[in-house]
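Q: So that you have it, the file is run_7.cif, and it contains mmCIF, C-alpha atoms:
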data_final
loop_
_atom_site.label_atom_id
_atom_site.label_comp_id
_atom_site.auth_asym_id
_atom_site.auth_seq_id
_atom_site.Cartn_x
_atom_site.Cartn_y
_atom_site.Cartn_z
CA MET A 1 0.00 0.00 0.00
CA LEU A 2 1.35 3.41 -0.99
CA VAL A 3 -1.21 5.28 1.11
CA ALA A 4 -1.49 5.23 4.91
CA GLU A 5 -4.06 7.21 6.88
CA PHE A 6 -4.12 8.19 10.53
CA SER A 7 -6.49 10.07 12.83
CA THR A 8 -6.22 11.05 16.47
CA ASP A 9 -9.86 9.98 16.85
CA VAL A 10 -8.63 6.44 17.56
CA VAL A 11 -7.90 7.44 21.19
CA GLU A 12 -9.72 9.41 23.85
CA ALA A 13 -9.50 13.21 23.82
CA PRO A 14 -6.82 13.61 26.56
CA GLU A 15 -4.46 11.26 24.68
CA ARG A 16 -4.79 12.74 21.23
CA PHE A 17 -2.05 15.37 21.30
CA ALA A 18 0.58 12.94 22.64
CA LEU A 19 -0.39 10.46 19.91
CA TRP A 20 0.02 13.18 17.26
CA GLU A 21 3.45 14.10 18.61
CA GLU A 22 4.64 10.50 18.49
CA THR A 23 3.12 9.71 15.10
CA THR A 24 4.59 12.77 13.38
CA ALA A 25 7.96 12.08 15.01
CA GLN A 26 7.97 8.69 13.32
CA SER A 27 6.56 9.79 9.98
CA HIS A 28 8.58 13.00 9.68
CA MET A 29 10.89 14.11 12.52
CA ARG A 30 10.67 14.88 16.21
CA ASN A 31 9.99 18.51 17.13
CA LEU A 32 8.75 20.31 20.20
CA MET A 33 5.03 20.98 19.84
CA ARG A 34 2.36 22.97 21.62
CA SER A 35 -1.29 23.67 20.83
CA ASN A 36 -4.15 25.67 22.25
CA ASP A 37 -6.21 22.53 21.62
CA GLN A 38 -4.07 20.01 23.51
CA ASP A 39 -7.00 18.89 25.65
CA ASP A 40 -8.76 17.53 22.55
CA PHE A 41 -6.41 17.64 19.57
CA ARG A 42 -8.45 16.54 16.57
CA ALA A 43 -6.10 15.90 13.65
CA LYS A 44 -5.51 13.52 10.76
CA MET A 45 -2.78 12.65 8.31
CA ARG A 46 -2.58 10.89 4.96
CA ASN A 47 0.83 9.72 3.71
CA LEU A 48 1.72 8.83 0.13
CA ASP A 49 4.90 6.76 0.15
CA LEU A 50 7.04 7.43 -2.92
CA GLY A 51 10.16 5.69 -1.68
CA GLU A 52 12.56 8.30 -0.33
CA VAL A 53 10.04 11.01 -1.17
CA GLN A 54 7.02 11.30 1.11
CA VAL A 55 3.95 13.43 0.40
CA SER A 56 1.65 14.01 3.38
CA ALA A 57 -1.66 15.76 3.80
CA LEU A 58 -2.22 17.03 7.33
CA ALA A 59 -5.26 18.49 9.06
CA PHE A 60 -5.03 20.06 12.51
CA PRO A 61 -6.30 23.05 14.54
CA HIS A 62 -3.78 25.38 16.22
CA LEU A 63 -0.19 24.08 16.28
CA GLU A 64 3.21 25.50 17.23
CA ILE A 65 6.43 23.69 16.24
CA VAL A 66 9.98 24.34 17.39
CA ARG A 67 13.08 22.70 15.89
CA THR A 68 15.78 23.00 18.57
CA ALA A 69 19.55 22.58 18.51
CA LYS A 70 19.21 19.67 20.93
CA LEU A 71 16.84 17.84 18.59
CA VAL A 72 19.11 18.45 15.61
CA ARG A 73 22.09 17.03 17.52
CA LYS A 74 20.10 14.07 18.78
CA SER A 75 18.55 13.05 15.47
CA ASP A 76 18.84 14.84 12.16
CA PRO A 77 17.43 13.01 9.11
CA GLU A 78 19.07 15.66 6.85
CA VAL A 79 15.93 16.29 4.84
CA TYR A 80 14.12 19.16 3.20
CA LEU A 81 10.48 19.78 4.05
CA ILE A 82 8.25 21.73 1.70
CA ASN A 83 4.94 22.85 3.16
CA TYR A 84 2.07 23.97 0.94
CA VAL A 85 -0.50 25.91 2.97
CA LEU A 86 -4.02 24.80 2.04
CA GLY A 87 -5.96 26.66 4.71
CA GLY A 88 -5.56 28.96 7.66
CA GLU A 89 -2.81 31.41 8.49
CA GLY A 90 0.56 31.10 10.18
CA GLY A 91 4.19 32.04 10.23
CA VAL A 92 7.72 30.70 10.32
CA SER A 93 10.93 32.07 11.84
CA LEU A 94 14.49 31.22 10.86
CA ASP A 95 17.69 33.01 11.94
CA GLN A 96 15.74 35.82 13.62
CA GLY A 97 13.74 36.47 10.44
CA ASP A 98 9.96 36.15 10.54
CA ALA A 99 7.69 35.34 7.60
CA VAL A 100 3.90 35.33 7.47
CA LEU A 101 2.26 32.40 5.65
CA HIS A 102 -1.08 32.63 3.87
CA THR A 103 -3.26 30.09 2.09
CA GLY A 104 -1.57 29.20 -1.19
CA ASP A 105 2.01 29.76 0.01
CA LEU A 106 4.87 27.28 -0.23
CA VAL A 107 7.78 27.29 2.20
CA VAL A 108 11.02 25.25 2.28
CA LEU A 109 12.60 24.13 5.57
CA ASP A 110 15.76 22.17 6.41
CA SER A 111 15.87 19.62 9.24
CA SER A 112 19.42 20.74 10.10
CA ARG A 113 18.39 24.36 10.71
CA LEU A 114 16.64 25.72 13.79
CA TYR A 115 13.20 27.16 13.17
CA THR A 116 9.86 27.87 14.78
CA ALA A 117 6.48 27.74 13.06
CA HIS A 118 2.87 28.27 14.02
CA ARG A 119 -0.41 27.62 12.24
CA HIS A 120 -4.08 28.32 12.87
CA ALA A 121 -6.15 25.94 10.73
CA HIS A 122 -9.22 23.72 10.92
CA PRO A 123 -9.15 19.96 11.61
CA ASP A 124 -12.08 19.21 9.29
CA SER A 125 -10.16 20.06 6.10
CA TRP A 126 -6.58 19.59 4.97
CA SER A 127 -4.35 22.25 6.52
CA GLN A 128 -1.25 21.63 4.44
CA LEU A 129 0.57 19.28 2.11
CA THR A 130 4.13 18.41 3.12
CA VAL A 131 6.86 16.92 0.96
CA GLN A 132 9.86 15.42 2.76
CA PHE A 133 12.96 13.87 1.20
CA PRO A 134 16.75 13.61 1.76
CA ARG A 135 18.62 16.78 0.77
CA ARG A 136 20.94 14.80 -1.48
CA LEU A 137 18.06 14.01 -3.84
CA LEU A 138 17.39 17.61 -4.86
CA PRO A 139 19.37 18.38 -8.04
CA LEU A 140 20.57 21.75 -6.70
CA PRO A 141 23.57 22.70 -4.54
CA GLU A 142 22.64 23.00 -0.86
CA LYS A 143 24.10 26.51 -0.68
CA THR A 144 21.70 27.55 -3.44
CA VAL A 145 18.69 26.30 -1.51
CA GLN A 146 19.72 27.91 1.80
CA ASP A 147 18.89 31.39 0.51
CA LEU A 148 15.25 30.41 0.08
CA LEU A 149 14.64 28.66 3.41
CA ALA A 150 11.56 29.97 5.27
CA VAL A 151 10.83 32.43 2.44
CA PRO A 152 7.19 32.27 1.29
CA ILE A 153 6.81 31.21 -2.35
CA SER A 154 3.50 31.77 -4.08
CA GLY A 155 1.71 28.58 -5.08
CA ARG A 156 -0.96 30.60 -6.87
CA HIS A 157 0.82 31.31 -10.15
CA GLY A 158 3.96 30.62 -12.17
CA MET A 159 6.15 27.63 -11.43
CA GLY A 160 5.01 27.69 -7.80
CA GLY A 161 1.46 27.27 -9.06
CA VAL A 162 2.45 24.32 -11.23
CA PHE A 163 4.16 22.64 -8.28
CA ALA A 164 1.19 23.33 -5.99
CA ARG A 165 -1.24 21.81 -8.50
CA TRP A 166 1.03 18.80 -8.86
CA LEU A 167 1.01 18.23 -5.08
CA THR A 168 -2.76 18.66 -4.99
CA ASP A 169 -3.17 16.06 -7.75
CA LEU A 170 -0.83 13.65 -5.96
CA ASN A 171 -2.97 13.87 -2.84
CA GLU A 172 -6.33 13.66 -4.61
CA ARG A 173 -5.31 10.73 -6.84
CA ALA A 174 -3.10 8.93 -4.33
CA ASP A 175 -5.25 5.78 -4.35
CA GLU A 176 -4.84 5.43 -8.13
CA PHE A 177 -1.07 4.94 -8.04
CA THR A 178 0.80 1.65 -8.02
CA PRO A 179 4.41 0.82 -7.02
CA ALA A 180 5.33 0.98 -10.71
CA ASP A 181 4.44 4.71 -10.68
CA VAL A 182 6.75 5.58 -7.77
CA PRO A 183 9.98 6.33 -9.71
CA THR A 184 8.20 8.67 -12.12
CA LEU A 185 6.17 10.44 -9.43
CA SER A 186 9.15 11.03 -7.15
CA SER A 187 11.36 12.18 -10.04
CA VAL A 188 8.81 14.69 -11.33
CA THR A 189 8.19 16.00 -7.81
CA LEU A 190 11.88 16.68 -7.23
CA ASP A 191 12.48 18.16 -10.68
CA LEU A 192 9.51 20.49 -10.39
CA LEU A 193 10.62 21.66 -6.95
CA ALA A 194 14.15 22.26 -8.21
CA SER A 195 12.75 24.35 -11.04
CA VAL A 196 10.62 26.38 -8.59
CA ILE A 197 13.60 27.12 -6.37
CA ALA A 198 15.90 27.91 -9.29
CA ARG A 199 13.32 30.26 -10.81
CA CYS A 200 12.87 32.09 -7.50
CA LEU A 201 16.61 32.55 -7.13
CA GLU A 202 17.22 33.13 -10.84
CA ALA A 203 19.57 30.17 -10.69
CA GLU A 204 18.23 28.01 -13.50
CA GLU A 205 21.74 27.61 -14.85
CA ALA A 206 22.35 25.37 -11.83
CA LEU A 207 19.86 22.85 -13.20
CA SER A 208 20.97 20.12 -15.55
CA PRO A 209 19.36 19.93 -19.02
CA GLU A 210 17.61 16.74 -17.89
CA VAL A 211 15.98 18.47 -14.91
CA ARG A 212 14.91 21.47 -17.02
CA ARG A 213 13.40 19.12 -19.59
CA SER A 214 11.57 17.15 -16.89
CA ALA A 215 10.22 20.35 -15.33
CA LEU A 216 9.02 21.57 -18.73
CA ARG A 217 7.26 18.28 -19.31
CA ALA A 218 5.58 18.54 -15.89
CA ARG A 219 4.41 22.09 -16.68
CA ILE A 220 2.98 20.85 -19.97
CA ASN A 221 1.25 17.96 -18.17
CA ALA A 222 -0.37 20.38 -15.72
CA PHE A 223 -1.46 22.69 -18.55
CA VAL A 224 -3.07 19.88 -20.50
CA GLU A 225 -4.91 18.51 -17.44
CA GLN A 226 -6.22 22.00 -16.74
CA HIS A 227 -7.50 22.51 -20.31
CA LEU A 228 -8.71 19.03 -21.28
CA ALA A 229 -12.32 20.20 -21.31
CA ASP A 230 -11.56 22.85 -23.93
CA PRO A 231 -12.33 21.48 -27.44
CA ALA A 232 -9.91 24.08 -28.81
CA LEU A 233 -6.93 22.47 -27.04
CA THR A 234 -4.44 21.46 -29.74
CA PRO A 235 -0.74 20.60 -29.89
CA GLN A 236 -0.07 24.08 -31.27
CA THR A 237 -1.84 25.83 -28.39
CA ILE A 238 0.19 23.75 -25.94
CA ALA A 239 3.44 24.69 -27.68
CA ASP A 240 2.48 28.38 -27.85
CA ALA A 241 1.55 28.47 -24.15
CA HIS A 242 5.02 27.22 -23.22
CA HIS A 243 6.95 29.28 -25.76
CA ILE A 244 8.35 26.29 -27.58
CA SER A 245 8.02 25.08 -31.14
CA LEU A 246 5.60 22.36 -32.15
CA ARG A 247 8.63 20.31 -33.16
CA HIS A 248 10.08 20.64 -29.64
CA LEU A 249 6.78 19.47 -28.15
CA GLN A 250 6.74 16.49 -30.50
CA GLN A 251 10.28 15.58 -29.47
CA LEU A 252 9.38 15.73 -25.77
CA LEU A 253 6.46 13.35 -26.21
CA ALA A 254 8.37 11.09 -28.59
CA GLU A 255 10.42 10.07 -25.53
CA ASP A 256 7.24 8.34 -24.31
CA ASP A 257 6.49 6.88 -27.74
CA THR A 258 3.47 9.09 -28.34
CA SER A 259 2.45 12.21 -30.22
CA PRO A 260 0.83 15.40 -28.85
CA ALA A 261 -2.53 14.61 -30.47
CA ALA A 262 -2.54 11.01 -29.23
CA TRP A 263 -1.58 12.13 -25.75
CA ILE A 264 -4.43 14.66 -25.54
CA ARG A 265 -6.87 12.06 -26.83
CA ARG A 266 -5.70 9.46 -24.32
CA ARG A 267 -6.02 11.85 -21.37
CA ARG A 268 -9.53 12.89 -22.45
CA LEU A 269 -10.61 9.27 -22.85
CA GLU A 270 -9.24 8.46 -19.40
CA ARG A 271 -11.28 11.28 -17.85
CA CYS A 272 -14.38 9.98 -19.65
CA ARG A 273 -13.65 6.45 -18.44
CA LEU A 274 -13.40 7.63 -14.82
CA ASP A 275 -16.71 9.51 -15.13
CA LEU A 276 -18.44 6.50 -16.66
CA ALA A 277 -17.20 4.29 -13.81
CA ASN A 278 -18.40 6.77 -11.18
CA PRO A 279 -21.84 5.63 -9.89
CA ARG A 280 -22.61 9.17 -8.74
CA LEU A 281 -22.65 10.23 -12.41
CA ASN A 282 -24.98 7.47 -13.63
CA ALA A 283 -27.74 9.99 -14.36
CA ARG A 284 -25.48 12.10 -16.56
CA PRO A 285 -25.88 11.28 -20.28
CA ILE A 286 -22.85 9.74 -21.98
CA GLN A 287 -22.85 12.53 -24.55
CA ALA A 288 -22.66 15.10 -21.76
CA ILE A 289 -19.65 13.30 -20.28
CA ALA A 290 -17.98 13.21 -23.68
CA GLU A 291 -18.61 16.92 -24.25
CA ARG A 292 -17.34 17.72 -20.78
CA TRP A 293 -13.94 16.42 -21.83
CA GLY A 294 -13.74 17.96 -25.29
CA PHE A 295 -15.43 15.33 -27.51
CA THR A 296 -18.09 17.15 -29.52
CA ASN A 297 -19.01 14.30 -31.91
CA PRO A 298 -20.80 11.41 -30.11
CA THR A 299 -20.14 8.86 -32.86
CA HIS A 300 -16.46 9.75 -33.03
CA PHE A 301 -16.18 9.54 -29.23
CA SER A 302 -17.86 6.12 -29.11
CA ARG A 303 -15.50 4.80 -31.75
CA LEU A 304 -12.41 6.17 -30.00
CA PHE A 305 -13.53 4.80 -26.62
CA ARG A 306 -14.17 1.34 -28.03
CA THR A 307 -10.79 1.32 -29.76
CA ALA A 308 -9.05 2.35 -26.53
CA TYR A 309 -10.87 0.10 -24.04
CA GLY A 310 -12.33 -2.65 -26.21
CA ILE A 311 -15.93 -1.92 -25.28
CA PRO A 312 -18.51 0.81 -26.10
CA PRO A 313 -18.94 3.53 -23.46
CA ARG A 314 -22.53 2.48 -22.68
CA ASP A 315 -21.47 -1.11 -21.99
CA TYR A 316 -18.50 0.10 -19.94
CA ARG A 317 -20.83 2.12 -17.70
CA ASN A 318 -22.86 -1.04 -16.99
CA LEU A 319 -19.85 -3.13 -15.92
CA PRO A 320 -19.44 -4.06 -12.24
CA PRO A 321 -16.66 -2.13 -10.40
CA GLN A 322 -14.06 -4.91 -10.59
CA ALA A 323 -14.58 -5.32 -14.33
CA CYS A 324 -14.04 -1.59 -14.75
CA ALA A 325 -10.79 -1.85 -12.80
CA ASN A 326 -9.62 -4.61 -15.12
CA ARG A 327 -10.12 -2.32 -18.13
CA GLN A 328 -8.25 0.72 -16.81
CA GLN A 329 -5.38 0.35 -19.24
CA PRO A 330 -6.11 1.37 -22.84
CA CYS A 331 -5.47 -1.03 -25.67
CA ALA A 332 -2.24 -0.59 -27.61
CA GLU A 333 -2.47 2.03 -30.32
#
Give the structure from the file, written as structure tokens.
A:
Amino acid sequence: MLVAEFSTDVVEAPERFALWEETTAQSHMRNLMRSNDQDDFRAKMRNLDLGEVQVSALAFPHLEIVRTAKLVRKSDPEVYLINYVLGGEGGVSLDQGDAVLHTGDLVVLDSSRLYTAHRHAHPDSWSQLTVQFPRRLLPLPEKTVQDLLAVPISGRHGMGGVFARWLTDLNERADEFTPADVPTLSSVTLDLLASVIARCLEAEEALSPEVRRSALRARINAFVEQHLADPALTPQTIADAHHISLRHLQQLLAEDDTSPAAWIRRRRLERCRLDLANPRLNARPIQAIAERWGFTNPTHFSRLFRTAYGIPPRDYRNLPPQACANRQQPCAE
């Protein structure tokens, strides 16, 4: 299982804060913690295990965290932590400098550096997404990253926005992934983060061509997912949006043995397949589902779907859940 979930509700109210302290010490690192809600600390956590890269969604009320010199000396995992604030307000302090954090901000921390942080959030919705991984995995010199520690980065636009959407998708689709996906997911996560940091510091020359290419591909992926419902989405609009030539886009996708048009079609068909398998959408007409994801011709959509999954969309909708799961992979083109 790549996904593990935890809630403090498994114990009585007086024991919940101590359980949270111990659980987060094991899943991340040990810090000093305090909360205004220690008498009944309602919190939950969802971890996506990507090998050495861990992506966690956390929900909690008020929380204060202190990383002390004693804790660093006692046990330092030598990792970076990247927090994406999903709700509430807070702040972080490092080397006597204070920064205010708002919803939509990203912030990078280092387990070897002393810091304090505080958050006011709500336990009924995700408070933040946290990425943790060994420092050696980030394809940037450590001295380059140090200048950006505890500095708020906007996750609302630009490369920060691409990275934030990627983390959100990882959390929302965590149950869809298999162990075979782990190398790709962890690699894209690290490459995107490196690109965010390099862009913020105007240090993109520190990135290898491979990392820049991977980050570009991730930006293109995010753009396509965001615009799949637009019938006007074409390979040329994708290339224009990323200031590259159509030939460059074709070369990027050729590495995965596909073409821009085939890739767009496959992603749209996959979205349609997921909608058809969703029992909550049974009342929605198949044509409406097809149009939702950019297919304006019902006959053409039906033919494409049958070619991809070996069965007409209407018959697919009527399959039992396990049969749908067995047909998740499209047929070879």
Q: Expand the PyMOL selection byres ((chain A and resi 234) around 12) into the explicit residue set it covers here, and present it as a PDB file with C-alpha atoms, keeping the file's coordinate frame.
A:
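Saved result, result_32.pdb, follows:
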ATOM      1  CA  PHE A 223      -1.460  22.690 -18.550  1.00  0.00           C
ATOM      2  CA  VAL A 224      -3.070  19.880 -20.500  1.00  0.00           C
ATOM      3  CA  HIS A 227      -7.500  22.510 -20.310  1.00  0.00           C
ATOM      4  CA  LEU A 228      -8.710  19.030 -21.280  1.00  0.00           C
ATOM      5  CA  ALA A 229     -12.320  20.200 -21.310  1.00  0.00           C
ATOM      6  CA  ASP A 230     -11.560  22.850 -23.930  1.00  0.00           C
ATOM      7  CA  PRO A 231     -12.330  21.480 -27.440  1.00  0.00           C
ATOM      8  CA  ALA A 232      -9.910  24.080 -28.810  1.00  0.00           C
ATOM      9  CA  LEU A 233      -6.930  22.470 -27.040  1.00  0.00           C
ATOM     10  CA  PRO A 235      -0.740  20.600 -29.890  1.00  0.00           C
ATOM     11  CA  GLN A 236      -0.070  24.080 -31.270  1.00  0.00           C
ATOM     12  CA  THR A 237      -1.840  25.830 -28.390  1.00  0.00           C
ATOM     13  CA  ILE A 238       0.190  23.750 -25.940  1.00  0.00           C
ATOM     14  CA  ALA A 239       3.440  24.690 -27.680  1.00  0.00           C
ATOM     15  CA  ASP A 240       2.480  28.380 -27.850  1.00  0.00           C
ATOM     16  CA  ALA A 241       1.550  28.470 -24.150  1.00  0.00           C
ATOM     17  CA  LEU A 246       5.600  22.360 -32.150  1.00  0.00           C
ATOM     18  CA  LEU A 249       6.780  19.470 -28.150  1.00  0.00           C
ATOM     19  CA  SER A 259       2.450  12.210 -30.220  1.00  0.00           C
ATOM     20  CA  PRO A 260       0.830  15.400 -28.850  1.00  0.00           C
ATOM     21  CA  ALA A 261      -2.530  14.610 -30.470  1.00  0.00           C
ATOM     22  CA  ALA A 262      -2.540  11.010 -29.230  1.00  0.00           C
ATOM     23  CA  TRP A 263      -1.580  12.130 -25.750  1.00  0.00           C
ATOM     24  CA  ILE A 264      -4.430  14.660 -25.540  1.00  0.00           C
ATOM     25  CA  ARG A 265      -6.870  12.060 -26.830  1.00  0.00           C
ATOM     26  CA  GLY A 294     -13.740  17.960 -25.290  1.00  0.00           C
TER      27      GLY A 294
END
Q: Name every residue that the PyMOL selection byres ((chain A and resi 96-112) around 7) selects in this structure, writing the answer as a ChimeraX atom specification with chains first and numbers rising.
A: /A:72,76-95,113-114,149-156
Q: Of the candidates A:Pro209, A:Arg273, A:Ala164, A:Val55, which shows the shortest atom-to-atom distance to Ile311 of chain A, using all atoms listed in the file?
A: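 Closest to Ile311 of chain A, using all atoms listed in the file: A:Arg273.
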Q: Name every residue that the PyMOL selection byres ((chain A and resi 123) around 8) selects in this structure, writing the answer as a ChimeraX atom specification with chains first and numbers rising.
A: /A:42-44,59-61,121-122,124-127
Q: Asp181 of chain A: which residues within 12 Å, counting all atoms listed in the file, same-chain residues fewer than 6 positions away excluded, as a PyMOL selection string?
A: chain A and resi 2+48-51+170+174-175+187-188
Q: Please write the residues from the selection above to a file, keeping C-alpha atoms, as a short mmCIF file (atom, residue, chain, number, x, y, z; two decimals), keeping the file's coordinate frame.
A:
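Result file follows (again_17.cif):
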data_model
loop_
_atom_site.label_atom_id
_atom_site.label_comp_id
_atom_site.auth_asym_id
_atom_site.auth_seq_id
_atom_site.Cartn_x
_atom_site.Cartn_y
_atom_site.Cartn_z
CA LEU A 2 1.35 3.41 -0.99
CA LEU A 48 1.72 8.83 0.13
CA ASP A 49 4.90 6.76 0.15
CA LEU A 50 7.04 7.43 -2.92
CA GLY A 51 10.16 5.69 -1.68
CA LEU A 170 -0.83 13.65 -5.96
CA ALA A 174 -3.10 8.93 -4.33
CA ASP A 175 -5.25 5.78 -4.35
CA SER A 187 11.36 12.18 -10.04
CA VAL A 188 8.81 14.69 -11.33
#
Q: Rounded to one decimal, what separation in Å do you get between atom CA of Trp20 of chain A and atom CA of Met1 of chain A?
A: 21.7 Å
Q: So, counting only C-alpha atoms, which residue among A:Glu172, A:Asp9, A:Glu64, A:Glu255 is closest to Arg46 of chain A?
A: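 Using only C-alpha atoms, the shortest distance to Arg46 of chain A belongs to A:Glu172.
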Q: Within 12 Å of Leu193 of chain A, counting only C-alpha atoms, which residues show up once you throw out same-chain ones fewer than 6 positions away? Write them as a CSV table (one decimal) with C-alpha atoms, in the coordinates of the input, please.
A:
chain,number,residue,atom,x,y,z
A,80,TYR,CA,14.1,19.2,3.2
A,81,LEU,CA,10.5,19.8,4.0
A,82,ILE,CA,8.2,21.7,1.7
A,83,ASN,CA,4.9,22.8,3.2
A,84,TYR,CA,2.1,24.0,0.9
A,106,LEU,CA,4.9,27.3,-0.2
A,107,VAL,CA,7.8,27.3,2.2
A,108,VAL,CA,11.0,25.2,2.3
A,131,VAL,CA,6.9,16.9,1.0
A,132,GLN,CA,9.9,15.4,2.8
A,133,PHE,CA,13.0,13.9,1.2
A,137,LEU,CA,18.1,14.0,-3.8
A,138,LEU,CA,17.4,17.6,-4.9
A,139,PRO,CA,19.4,18.4,-8.0
A,140,LEU,CA,20.6,21.8,-6.7
A,145,VAL,CA,18.7,26.3,-1.5
A,153,ILE,CA,6.8,31.2,-2.4
A,155,GLY,CA,1.7,28.6,-5.1
A,159,MET,CA,6.2,27.6,-11.4
A,160,GLY,CA,5.0,27.7,-7.8
A,161,GLY,CA,1.5,27.3,-9.1
A,162,VAL,CA,2.4,24.3,-11.2
A,163,PHE,CA,4.2,22.6,-8.3
A,164,ALA,CA,1.2,23.3,-6.0
A,165,ARG,CA,-1.2,21.8,-8.5
A,166,TRP,CA,1.0,18.8,-8.9
A,167,LEU,CA,1.0,18.2,-5.1
A,186,SER,CA,9.2,11.0,-7.2
A,187,SER,CA,11.4,12.2,-10.0
A,199,ARG,CA,13.3,30.3,-10.8
A,200,CYS,CA,12.9,32.1,-7.5
A,204,GLU,CA,18.2,28.0,-13.5
A,207,LEU,CA,19.9,22.8,-13.2
A,211,VAL,CA,16.0,18.5,-14.9
A,212,ARG,CA,14.9,21.5,-17.0
A,214,SER,CA,11.6,17.2,-16.9
A,215,ALA,CA,10.2,20.4,-15.3
A,216,LEU,CA,9.0,21.6,-18.7
A,218,ALA,CA,5.6,18.5,-15.9
A,219,ARG,CA,4.4,22.1,-16.7
Q: I'd like to know which of A:Val182, A:Leu32, A:Leu192, A:Ile197 is closest to His118 of chain A, using only C-alpha atoms.
A: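 So, comparing all the options, the nearest one is A:Leu32.
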Q: Calculate how many Å separate atom CA of Phe17 of chain A from atom CA of Gln38 of chain A, rounding to one decimal.
A: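 Calculated distance between atom CA of Phe17 of chain A and atom CA of Gln38 of chain A is 5.5 Å.
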